[in-house]
>>> print(open('input00.txt').read())   # compact mmCIF, C-alpha atoms
# COMPACT_ATOMS: atom_id res chain seq x y z
CA MET K 1 23.66 113.91 15.24
CA LYS K 2 21.87 113.49 18.54
CA ILE K 3 23.80 113.74 21.77
CA ILE K 4 24.31 110.28 23.25
CA TYR K 5 23.28 110.39 26.88
CA PRO K 6 25.17 108.47 29.57
CA LEU K 7 23.73 105.14 30.68
CA ALA K 8 22.37 106.59 33.90
CA PHE K 9 20.00 108.80 31.95
CA VAL K 10 16.78 110.05 33.48
CA MET K 11 13.52 109.61 31.57
CA ILE K 12 10.78 112.14 32.25
CA SER K 13 7.29 111.47 30.91
CA LEU K 14 4.96 114.25 29.86
CA PHE K 15 1.19 114.19 29.52
CA VAL K 16 -0.46 116.31 26.84
CA VAL K 17 -4.10 116.63 25.80
CA SER K 18 -4.79 117.61 22.21
CA CYS K 19 -8.06 117.90 20.32
CA ASN K 20 -9.16 117.53 16.72
CA SER K 21 -12.49 117.81 14.92
CA GLU K 22 -13.36 114.13 15.31
CA ARG K 23 -12.52 113.37 18.93
CA ASP K 24 -10.52 114.33 21.96
CA GLU K 25 -7.20 112.58 21.81
CA LEU K 26 -5.00 111.77 24.79
CA LEU K 27 -1.37 112.11 23.78
CA TYR K 28 1.41 110.76 25.96
CA VAL K 29 4.99 111.77 25.15
CA SER K 30 8.06 110.06 26.53
CA SER K 31 11.36 111.79 26.99
CA SER K 32 14.18 111.34 24.51
CA ILE K 33 14.81 108.06 22.85
CA THR K 34 18.40 107.19 23.67
CA GLU K 35 20.97 105.45 21.49
CA LEU K 36 24.14 103.81 22.74
CA SER K 37 27.45 104.23 20.93
CA ASP K 38 29.85 101.32 20.42
CA THR K 39 31.99 102.75 23.21
CA GLN K 40 29.04 102.65 25.59
CA TYR K 41 27.90 99.26 24.33
CA PRO K 42 31.03 97.27 23.39
CA ASP K 43 29.27 93.90 23.87
CA ASN K 44 26.50 94.66 21.37
CA ASN K 45 25.68 91.26 19.87
CA ASP K 46 24.40 92.90 16.67
CA MET K 47 27.71 94.63 15.95
CA GLU K 48 28.97 92.08 13.44
CA SER K 49 25.69 91.63 11.56
CA ARG K 50 24.15 95.08 11.48
CA SER K 51 23.61 97.16 8.36
CA GLU K 52 26.11 99.60 6.89
CA LEU K 53 23.43 102.22 7.55
CA TRP K 54 23.86 101.80 11.31
CA ASP K 55 24.16 105.12 13.17
CA LYS K 56 22.84 107.15 10.23
CA TYR K 57 19.29 107.64 11.53
CA ASP K 58 18.23 109.29 14.77
CA HIS K 59 14.95 109.51 16.65
CA SER K 60 13.95 111.85 19.43
CA LEU K 61 10.58 111.00 21.00
CA PHE K 62 8.20 108.13 21.50
CA GLN K 63 4.55 109.23 21.35
CA VAL K 64 1.43 107.18 21.94
CA SER K 65 -2.18 108.31 21.57
CA ARG K 66 -5.31 106.35 22.38
CA ASN K 67 -8.09 106.48 19.82
CA ASP K 68 -10.38 103.75 21.19
CA SER K 69 -10.28 100.98 23.79
CA LEU K 70 -8.01 98.73 21.69
CA ASP K 71 -6.81 101.29 19.15
CA PHE K 72 -3.59 103.21 19.77
CA THR K 73 -1.35 105.22 17.46
CA ILE K 74 2.40 105.20 18.05
CA ARG K 75 4.79 107.74 16.55
CA ILE K 76 8.58 107.64 16.68
CA LEU K 77 9.74 111.16 15.83
CA PRO K 78 12.85 111.91 13.72
CA GLU K 79 15.96 113.73 14.93
CA ASN K 80 18.02 114.39 11.81
CA GLU K 81 17.58 115.18 8.11
CA TYR K 82 17.81 111.55 6.96
CA SER K 83 15.13 110.26 9.30
CA ASP K 84 11.33 110.04 9.13
CA THR K 85 8.51 109.71 11.63
CA ILE K 86 7.73 106.02 12.08
CA ILE K 87 3.99 105.52 12.57
CA PHE K 88 2.01 102.49 13.76
CA ASN K 89 -1.75 102.77 13.40
CA ASN K 90 -4.47 100.63 15.02
CA VAL K 91 -2.10 99.05 17.54
CA ASN K 92 -3.56 97.10 20.46
CA LEU K 93 -1.05 98.10 23.12
CA LEU K 94 -2.94 96.10 25.72
CA SER K 95 -1.44 92.92 24.24
CA TRP K 96 1.95 94.13 25.53
CA ILE K 97 0.78 94.71 29.10
CA PRO K 98 1.59 91.81 31.48
CA THR K 99 -1.36 89.81 32.73
CA ILE K 100 -2.15 86.26 33.82
CA PRO K 101 -4.49 83.53 32.58
CA ASP K 102 -7.94 83.71 34.13
CA HIS K 103 -7.79 80.13 35.40
CA VAL K 104 -4.93 80.79 37.86
CA LEU K 105 -6.88 83.38 39.86
CA GLU K 106 -7.88 80.90 42.56
CA ASP K 107 -4.22 80.41 43.57
CA ASN K 108 -2.53 83.49 45.03
CA TYR K 109 0.98 82.12 44.60
CA LEU K 110 0.43 81.27 40.93
CA LYS K 111 -0.98 84.78 40.43
CA GLU K 112 2.23 86.21 41.89
CA ILE K 113 4.58 83.96 39.91
CA GLY K 114 2.54 84.52 36.76
CA ILE K 115 2.51 88.31 36.79
CA ILE K 116 6.14 88.62 37.85
CA ASN K 117 7.40 86.30 35.13
CA ALA K 118 5.22 88.05 32.56
CA GLU K 119 7.08 91.28 33.37
CA TRP K 120 10.49 89.68 33.76
CA ASN K 121 10.58 88.22 30.25
CA ARG K 122 11.15 89.99 26.97
CA GLN K 123 8.29 90.51 24.52
CA GLN K 124 9.53 91.75 21.15
CA VAL K 125 6.83 92.29 18.52
CA ARG K 126 7.55 92.47 14.79
CA PHE K 127 5.85 94.78 12.28
CA ASN K 128 6.60 93.98 8.65
CA LYS K 129 6.54 96.49 5.79
CA GLY K 130 2.93 97.56 5.24
CA GLU K 131 2.12 97.21 8.96
CA PHE K 132 3.80 100.54 9.73
CA TYR K 133 4.59 103.54 7.60
CA LEU K 134 6.99 106.48 7.56
CA SER K 135 5.58 109.95 7.17
CA ASN K 136 8.05 111.45 4.73
CA ASN K 137 10.13 110.25 1.84
CA ASN K 138 13.62 110.56 3.25
CA GLU K 139 16.22 107.84 3.09
CA GLU K 140 14.92 106.02 6.16
CA ASN K 141 11.53 105.54 4.55
CA THR K 142 13.13 103.89 1.54
CA ASN K 143 15.40 101.60 3.55
CA THR K 144 13.14 100.40 6.38
CA VAL K 145 11.53 96.99 5.83
CA ARG K 146 10.72 95.95 9.39
CA VAL K 147 10.30 97.60 12.80
CA ASP K 148 10.21 95.83 16.18
CA LEU K 149 8.90 97.21 19.46
CA ALA K 150 10.12 95.44 22.58
CA ARG K 151 9.13 95.51 26.22
CA ASN K 152 12.34 94.27 27.74
CA CYS K 153 12.75 92.39 31.00
CA LEU K 154 14.34 95.03 33.23
CA ASN K 155 11.24 96.68 34.64
CA SER K 156 7.77 97.82 33.66
CA TYR K 157 8.83 100.87 31.68
CA ALA K 158 11.96 99.74 29.81
CA TRP K 159 11.16 99.53 26.10
CA GLU K 160 13.14 99.45 22.85
CA ILE K 161 12.69 100.10 19.14
CA ILE K 162 14.73 98.29 16.48
CA THR K 163 14.53 98.87 12.73
CA TYR K 164 15.78 96.65 9.92
CA THR K 165 16.77 97.02 6.31
CA GLU K 166 17.25 94.39 3.60
CA ASN K 167 20.09 93.69 1.22
CA ASN K 168 20.13 90.65 -1.06
CA GLU K 169 17.12 89.22 0.80
CA LYS K 170 18.98 89.40 4.12
CA LYS K 171 17.55 91.58 6.90
CA SER K 172 19.95 93.38 9.22
CA SER K 173 19.45 95.83 12.07
CA MET K 174 19.71 99.48 11.11
CA TYR K 175 18.70 101.40 14.26
CA HIS K 176 18.24 100.66 17.97
CA GLY K 177 16.82 103.05 20.55
CA TRP K 178 15.83 102.77 24.21
CA PHE K 179 13.05 104.67 25.99
CA ASP K 180 10.77 104.64 28.99
CA PHE K 181 7.12 103.93 28.32
CA PRO K 182 5.11 106.76 29.96
CA LYS K 183 4.77 105.55 33.53
CA GLU K 184 1.32 106.84 34.41
CA LEU K 185 -0.12 105.41 31.23
CA TYR K 186 1.60 102.07 31.76
CA ARG K 187 0.23 101.71 35.29
CA SER K 188 -3.23 102.74 34.09
CA LEU K 189 -3.20 100.19 31.25
CA PHE K 190 -1.88 97.51 33.62
CA ASN K 191 -4.81 98.08 35.99
CA GLU K 192 -7.22 98.08 33.07
CA VAL K 193 -5.95 94.79 31.64
CA ASN K 194 -5.91 93.17 35.07
CA ALA K 195 -9.18 94.60 36.39
CA GLY K 196 -10.71 92.14 38.83
CA LYS K 197 -7.45 90.16 38.99
CA LEU K 198 -4.77 92.35 40.59
CA THR K 199 -3.42 95.90 40.59
CA PHE K 200 -0.05 97.38 39.76
CA GLU K 201 0.35 98.56 43.34
CA ASP K 202 0.00 94.95 44.56
CA TYR K 203 3.25 94.02 42.80
CA ARG K 204 5.03 97.37 42.35
CA GLU K 205 8.22 96.26 44.12
CA HIS K 206 8.51 93.21 41.88
CA LEU K 207 7.61 94.98 38.63
CA GLU K 208 9.65 98.15 39.13
CA ASN K 209 12.55 96.93 41.25
CA TYR K 210 12.95 93.23 40.41
CA LYS K 211 12.15 92.03 43.91
CA ASP K 212 12.40 88.23 43.96
CA PRO K 213 9.23 86.35 45.01
CA GLU K 214 9.19 83.83 47.83
CA LYS K 215 9.95 80.20 47.13
CA LYS K 216 6.80 78.10 47.57
CA LYS K 217 5.26 74.91 46.25
CA ILE K 218 3.64 75.03 42.82
CA ASN K 219 0.15 73.51 42.58
CA LEU K 220 -0.02 72.16 39.04
CA GLU K 221 -3.61 70.98 39.56
CA VAL K 222 -4.78 74.59 39.29
CA LEU K 223 -3.42 74.67 35.74
CA ARG K 224 -4.58 71.35 34.32
CA LYS K 225 -6.12 67.91 34.81
CA VAL K 226 -4.03 64.86 33.96
CA ASN K 227 -5.68 62.46 31.49
CA SER K 228 -2.79 60.04 31.12
CA GLU K 229 0.94 59.81 31.70
CA SER K 230 3.82 57.56 30.73
CA LYS K 231 7.52 57.41 31.43
CA LYS K 232 9.59 57.67 28.27
CA THR K 233 12.96 56.39 27.16
CA PHE K 234 15.05 59.35 26.03
CA SER K 235 18.25 60.15 24.17
CA ASP K 236 20.61 62.73 25.65
CA PHE K 237 22.80 64.93 23.42
CA ARG K 238 24.64 66.98 26.04
CA MET K 239 27.95 65.60 24.74
CA GLN K 240 27.25 67.14 21.34
CA SER K 241 27.24 70.72 20.07
CA TYR K 242 24.20 72.65 18.89
CA PRO K 243 23.59 74.79 15.79
CA LEU K 244 24.92 78.32 16.16
CA THR K 245 21.94 80.05 14.56
CA GLY K 246 19.79 83.00 15.61
CA ALA K 247 20.71 84.47 18.99
CA ARG K 248 23.04 81.52 19.72
CA LYS K 249 25.27 82.78 16.91
CA SER K 250 25.19 86.49 17.74
CA LYS K 251 25.45 86.03 21.53
CA TYR K 252 28.13 83.33 21.51
CA LYS K 253 30.81 85.97 22.10
CA ASN K 254 29.01 87.02 25.29
CA ILE K 255 29.39 83.65 27.01
CA VAL K 256 31.93 84.70 29.62
CA CYS K 257 32.74 81.28 31.07
CA PRO K 258 33.59 78.74 29.78
CA SER K 259 35.71 80.30 27.06
CA GLY K 260 34.82 78.98 23.61
CA PRO K 261 32.41 76.21 24.64
CA VAL K 262 31.82 73.48 22.07
CA LEU K 263 29.54 70.97 23.78
CA ILE K 264 26.33 71.52 25.73
CA ASN K 265 28.04 69.71 28.59
CA ASP K 266 30.73 72.41 28.72
CA MET K 267 28.14 74.75 30.27
CA LEU K 268 26.62 72.37 32.82
CA THR K 269 28.64 73.68 35.75
CA ASP K 270 28.12 76.35 38.39
CA SER K 271 31.12 78.26 37.04
CA THR K 272 29.21 79.09 33.84
CA THR K 273 28.53 82.82 33.47
CA TYR K 274 26.90 84.94 30.78
CA SER K 275 26.84 88.64 30.04
CA THR K 276 24.36 90.45 32.27
CA PHE K 277 21.47 92.40 30.77
CA GLN K 278 21.88 95.90 32.19
CA TRP K 279 19.77 99.05 32.22
CA PRO K 280 18.39 100.32 29.85
CA GLY K 281 18.75 97.02 27.93
CA TYR K 282 22.28 96.07 26.88
CA TYR K 283 24.62 93.12 27.44
CA ASP K 284 27.63 93.59 29.70
CA THR K 285 30.40 91.00 29.96
CA SER K 286 32.23 93.04 32.61
CA ASP K 287 29.55 92.06 35.15
CA PRO K 288 29.01 88.33 34.48
CA ARG K 289 25.75 86.67 35.49
CA PRO K 290 26.25 83.42 37.47
CA SER K 291 24.21 80.24 37.07
CA THR K 292 23.58 76.92 38.81
CA LEU K 293 23.57 74.85 35.63
CA SER K 294 25.21 71.86 37.32
CA MET K 295 21.59 71.09 38.29
CA LEU K 296 20.98 70.05 34.65
CA GLY K 297 24.09 67.87 34.64
CA ILE K 298 22.52 64.41 34.29
CA PRO K 299 19.04 63.81 32.78
CA LYS K 300 17.36 61.07 34.82
CA SER K 301 13.77 60.65 33.67
CA VAL K 302 11.13 61.96 31.28
CA VAL K 303 7.39 61.77 31.93
CA VAL K 304 4.93 62.82 29.21
CA ARG K 305 1.38 63.61 30.24
CA GLU K 306 -1.74 64.31 28.22
CA THR K 307 -3.64 67.02 30.05
CA THR K 308 -6.78 69.11 29.80
CA SER K 309 -6.04 72.74 30.52
CA ASN K 310 -8.25 74.59 32.99
CA ASN K 311 -8.20 77.55 30.60
CA GLU K 312 -11.32 78.90 28.90
CA ASN K 313 -10.96 76.53 25.93
CA ASN K 314 -10.11 73.40 27.98
CA ASP K 315 -7.34 72.72 25.48
CA ILE K 316 -5.96 69.19 25.23
CA CYS K 317 -2.21 69.57 25.76
CA TYR K 318 1.09 67.89 26.46
CA GLU K 319 3.06 68.29 29.68
CA PHE K 320 6.75 67.33 29.74
CA ASP K 321 8.18 66.62 33.20
CA VAL K 322 11.96 66.15 32.94
CA SER K 323 14.09 65.32 35.98
CA PHE K 324 17.82 66.04 36.26
CA ALA K 325 20.45 65.03 38.81
CA ARG K 326 23.16 67.47 39.80
CA ASN K 327 26.45 66.33 38.29
CA THR K 328 28.27 67.04 41.56
CA ASP K 329 25.61 65.42 43.77
CA THR K 330 23.43 62.89 41.98
CA SER K 331 21.08 62.60 44.96
CA TYR K 332 19.74 66.11 44.31
CA ILE K 333 16.93 66.19 41.72
CA THR K 334 15.61 69.19 39.81
CA ARG K 335 12.48 69.02 37.64
CA VAL K 336 11.76 71.10 34.55
CA VAL K 337 8.02 71.05 33.86
CA ILE K 338 6.79 72.46 30.55
CA GLY K 339 3.04 72.20 29.95
CA GLY K 340 0.10 73.60 28.09
CA ILE K 341 1.70 72.63 24.77
CA ILE K 342 -0.98 72.22 22.10
CA PRO K 343 -0.04 69.24 19.88
CA ALA K 344 -1.02 70.93 16.62
CA GLU K 345 1.51 73.72 17.30
CA LEU K 346 4.44 71.29 17.32
CA ASN K 347 6.01 71.24 13.86
CA GLN K 348 8.51 68.92 12.21
CA MET K 349 11.83 70.55 11.38
CA SER K 350 15.52 69.82 11.10
CA ILE K 351 17.85 70.45 14.00
CA ASN K 352 19.40 73.32 12.04
CA ASP K 353 15.98 75.02 12.04
CA TYR K 354 15.32 74.44 15.74
CA ASN K 355 15.12 78.16 16.44
CA ASN K 356 11.73 78.12 14.64
CA GLY K 357 10.22 75.70 17.15
CA ILE K 358 7.91 76.62 20.01
CA LYS K 359 10.08 79.05 21.95
CA LYS K 360 8.70 80.33 25.24
CA PRO K 361 9.94 81.91 28.45
CA MET K 362 9.38 80.24 31.80
CA GLY K 363 6.23 81.37 33.60
CA ILE K 364 2.48 81.11 33.05
CA GLY K 365 0.75 82.00 29.79
CA ASN K 366 3.58 84.24 28.63
CA HIS K 367 3.92 85.62 25.13
CA GLY K 368 6.92 84.32 23.21
CA PHE K 369 10.19 86.22 23.25
CA TYR K 370 9.60 87.21 19.61
CA GLU K 371 6.21 87.36 17.90
CA HIS K 372 4.55 88.92 14.90
CA VAL K 373 2.01 91.60 15.84
CA THR K 374 -0.94 89.58 14.50
CA TYR K 375 0.03 86.50 16.51
CA ALA K 376 0.49 88.58 19.66
CA ASN K 377 -2.97 90.09 19.26
CA GLU K 378 -4.72 86.81 18.48
CA ASN K 379 -3.14 84.79 21.31
CA PRO K 380 -3.83 86.66 24.55
CA THR K 381 -2.21 85.60 27.80
CA SER K 382 -5.60 85.46 29.53
CA LYS K 383 -6.57 82.33 27.53
CA SER K 384 -3.19 80.65 27.20
CA PRO K 385 -2.73 77.08 28.53
CA TYR K 386 1.09 77.40 28.61
CA TYR K 387 3.28 77.13 31.71
CA GLY K 388 6.95 76.42 32.41
CA PHE K 389 8.61 75.93 35.81
CA ILE K 390 11.82 74.78 37.38
CA LEU K 391 11.02 72.90 40.59
CA ASP K 392 13.23 71.49 43.32
CA ASP K 393 12.91 67.95 44.68
CA LYS K 394 10.03 69.08 46.93
CA GLY K 395 8.06 70.72 44.11
CA MET K 396 9.06 74.25 45.20
CA TRP K 397 9.43 77.00 42.59
CA VAL K 398 12.98 77.90 41.56
CA ASP K 399 13.70 81.26 39.89
CA SER K 400 14.78 80.28 36.39
CA HIS K 401 16.63 83.57 35.85
CA PHE K 402 19.06 82.89 38.69
CA PHE K 403 19.15 79.20 37.79
CA GLY K 404 20.38 80.14 34.30
CA VAL K 405 17.50 79.03 32.05
CA ASP K 406 15.19 81.22 29.97
CA GLY K 407 12.78 78.63 28.56
CA PRO K 408 12.27 75.72 26.16
CA ILE K 409 12.44 75.24 22.42
CA LEU K 410 10.24 72.36 21.24
CA HIS K 411 9.81 70.74 17.83
CA LEU K 412 9.22 67.37 16.22
CA ASP K 413 11.92 65.43 14.42
CA GLU K 414 12.12 66.08 10.70
CA ASN K 415 11.88 62.35 9.92
CA ASN K 416 9.70 61.11 12.79
CA PRO K 417 6.51 63.03 13.70
CA ASN K 418 6.28 61.10 16.99
CA LEU K 419 9.71 62.11 18.29
CA LEU K 420 10.09 65.37 20.24
CA HIS K 421 13.25 67.47 20.44
CA PHE K 422 13.35 69.09 23.89
CA TRP K 423 15.82 71.97 24.20
CA LEU K 424 16.45 74.42 27.04
CA LEU K 425 17.77 77.93 26.44
CA SER K 426 20.32 79.38 28.82
CA PHE K 427 20.00 82.74 30.56
CA GLU K 428 19.30 85.47 27.97
CA ARG K 429 19.26 82.77 25.25
CA HIS K 430 23.06 82.79 24.86
CA ALA K 431 23.33 79.01 24.48
CA MET K 432 21.53 75.67 24.60
CA VAL K 433 21.92 73.84 27.91
CA THR K 434 19.78 70.74 27.25
CA HIS K 435 18.96 68.67 24.19
CA LEU K 436 16.89 65.51 24.62
CA THR K 437 14.67 63.51 22.29
CA PHE K 438 11.84 61.23 23.36
CA PRO K 439 8.64 59.81 21.86
CA ILE K 440 5.27 61.47 22.40
>>> encode(input="input00.txt", output="C-alpha cells")
Amino acid sequence: MKIIYPLAFVMISLFVVSCNSERDELLYVSSSITELSDTQYPDNNDMESRSELWDKYDHSLFQVSRNDSLDFTIRILPENEYSDTIIFNNVNLLSWIPTIPDHVLEDNYLKEIGIINAEWNRQQVRFNKGEFYLSNNNEENTNTVRVDLARNCLNSYAWEIITYTENNEKKSSMYHGWFDFPKELYRSLFNEVNAGKLTFEDYREHLENYKDPEKKKINLEVLRKVNSESKKTFSDFRMQSYPLTGARKSKYKNIVCPSGPVLINDMLTDSTTYSTFQWPGYYDTSDPRPSTLSMLGIPKSVVVRETTSNNENNDICYEFDVSFARNTDTSYITRVVIGGIIPAELNQMSINDYNNGIKKPMGIGNHGFYEHVTYANENPTSKSPYYGFILDDKGMWVDSHFFGVDGPILHLDENNPNLLHFWLLSFERHAMVTHLTFPI
C-alpha cells in the first residue's frame, strides 16, 4: 500500500524527453499521485456511496505526452499488484485549459473576470468504458467502467482522477487521487490557447494564489445585443424543499449551518455556512465557508430578454435577469443575470430530474462542472455565448464564490414547454438556494 502523504505535500514536476522510431515525444511526469485516508478526509461526501473496492487500488504517477497539436496521451501508473496503468489516447488537453470567448477581448475587465472565473470553477470530464483502457489484465482493469479527470478550482495546477465501478447498473466511486499538473507545461499550454488574448503572467496572482479581482461595472453590451425583453410574472418556491439528488444528496451532510435544513428559505441568511474546499481538493467542515445569501431573500422581478450573442455564431439566446431584495433590508437589490442560453438546449424534465438541466458555473463561456469528453471537445469556450453574473444595484460585479452561489440549473417544466424552472446552486453545489418558475 502506498504511503499516504500529509495534506501539506509538495509536488515536484519533472521534464523528460524520450524518443521512438516514429517521432520525438515530449514526456512530462508529475510527482506522486496522492490519496487521502478517511482520517485525513473525514468529510468525504463519497464515503457513504463509494464502492466496496475503495482503497484497494493505488496509483503513483501522472504522465502526459504530446503527440501532435491536439493529441496528447495520458498515463496513470499503478502502485500495487491489483492496479493497472490507466491510459487515455488522443486527448485534446487544450480543452481543459482556461480561456475566454473571442468576443470579450475588447473589454479588459470582462477579459479579467472571464479568465479568473474559468480557473476558479471545476471542470470534471468523464471518459466512459471504451474511451480509455488499462494496460494489463489485473483486477482494476476488470472493475473500471468510467474514469474522470478534473481540474479543480483551487489553482492552475490542482487536478484529480476518480475511477468508478458498476454493480447492479449502479456506478460508484472506486478510487480518488490528487496531483499537480506539470507546471511548466500548464503555463505553456495556457499561453498557447490564449495566444493573442492574454498570457499566464498577466494573471498569475489570480490563477495561482486566488487573488480577488477588483469590483467594477459589467458591460453586458459587449456580450450581446438585446432584440426584445419583457417582465414576467413568476412563482417562488423558496418555502419548499428541493430534491436531494446528485451532489445535493451526497453533500447535504457538509452544510454546516443551518443544521438539517428542510426549506430553501432556511439557507437564505448570512449565517449560512458550508464546508470549505481545501487544498488539494477536499471538503472541510472544521473551517466553514461564510455566505451572504440573505441577498437572495426575496425575489422581486424577472426580466426575460431575447438576445443575439456577439460570439462567432451570433447565436440567438435567452437572458434571464432576476432581481432579489435582501430579506433584512428590502431596499437593497441584487441582480442575477444568466445569459447566452440557447433555446434548443433547454429540455423538459421533472423536478426530480433537475440535476440534468443546463448546469453552469458563474463566469463567461465556462465549461460545465461535469461534462463528457466529447461534449467538452466540441463546445470550446472561445465560441460560447454563455455568461452568468451576480451584480449589485449599480451593476457592479459581485464575486459569486464569496456571495455563496456557484451557478444556475435551468430546465423546462415537464408538462409545459413554455415554463422555465430557474434554480441557483449554493457554494460548492451543496444545496439549492433559489427555485423560481416563469414563462419564456
>>> closest_residue(input="input00.txt", among="K:Asn121, K:Ser301, K:Gln348, K:Asn90", to="Thr233 in chain K", atoms="all atoms listed in the file")
K:Ser301
>>> atom_distance(input="input00.txt", atom1="CA of Leu412 in chain K", atom2="CA of Asp353 in chain K")
11.0 Å
>>> closest_residue(input="input00.txt", among="K:Lys171, K:His176, K:Lys251, K:Arg204", to="Lys56 in chain K", atoms="all atoms listed in the file")
K:His176
>>> residues_near_point(input="input00.txt", point="(18.2, 113.0, 6.5)", cutoff="10 Å", atoms="all atoms listed in the file", output="count of residues only")
14
>>> atom_distance(input="input00.txt", atom1="CA of Phe88 in chain K", atom2="CA of Phe190 in chain K")
20.8 Å
>>> closest_residue(input="input00.txt", among="K:Phe72, K:Glu48, K:Ile100, K:Tyr282", to="Pro380 in chain K", atoms="all atoms listed in the file")
K:Ile100
>>> residues_around(input="input00.txt", residues="Ser384 in chain K", least_positions_apart="4", cutoff="10 Å", atoms="all atoms listed in the file", output="VMD selection string")
chain K and resid 100 to 103 309 to 313 315 340 to 341 364 to 367 379 to 380
>>> atom_distance(input="input00.txt", atom1="CA of Ile162 in chain K", atom2="CA of Leu149 in chain K")
6.6 Å
>>> closest_residue(input="input00.txt", among="K:Thr334, K:Lys359, K:Leu263, K:Val226", to="Glu319 in chain K", atoms="all atoms listed in the file")
K:Val226
>>> closest_residue(input="input00.txt", among="K:Ala158, K:Met174, K:Ile409, K:Cys153", to="Ser49 in chain K", atoms="only C-alpha atoms")
K:Met174
>>> residues_around(input="input00.txt", residues="range 205-219 of chain K", least_positions_apart="4", cutoff="6 Å", atoms="all atoms listed in the file", output="list in words")
Asn155, Ser156, Gly395, Met396 and Trp397 of chain K
>>> axis_aligned_box(input="input00.txt", around="range 342-346 of chain K", padding_each_side="5 Å", output="JSON")
{"center_x": 1.7, "center_y": 71.5, "center_z": 19.4, "size_x": 15.5, "size_y": 14.5, "size_z": 15.5}
>>> residues_around(input="input00.txt", residues="Pro299 in chain K", least_positions_apart="4", cutoff="10 Å", atoms="all atoms listed in the file", output="list in words")
Phe234, Ser235, Asp236, Arg238, Met295, Val322, Ser323, Phe324, Ala325, Arg326, Asn327, Ile333, Thr334, Arg335, Thr434, His435 and Leu436 of chain K
>>> residues_around(input="input00.txt", residues="Lys170 in chain K", least_positions_apart="6", cutoff="12 Å", atoms="all atoms listed in the file", output="mmCIF file with C-alpha atoms, keeping the file's coordinate frame")
data_model
loop_
_atom_site.group_PDB
_atom_site.id
_atom_site.type_symbol
_atom_site.label_atom_id
_atom_site.label_comp_id
_atom_site.auth_asym_id
_atom_site.auth_seq_id
_atom_site.Cartn_x
_atom_site.Cartn_y
_atom_site.Cartn_z
ATOM 1 C CA SER K 49 25.690 91.630 11.560
ATOM 2 C CA ARG K 50 24.150 95.080 11.480
ATOM 3 C CA SER K 51 23.610 97.160 8.360
ATOM 4 C CA VAL K 145 11.530 96.990 5.830
ATOM 5 C CA ARG K 146 10.720 95.950 9.390
ATOM 6 C CA TYR K 164 15.780 96.650 9.920
#
>>> closest_residue(input="input00.txt", among="K:Ser294, K:Thr381, K:Ser65, K:Thr144", to="Ala118 in chain K", atoms="only C-alpha atoms")
K:Thr381
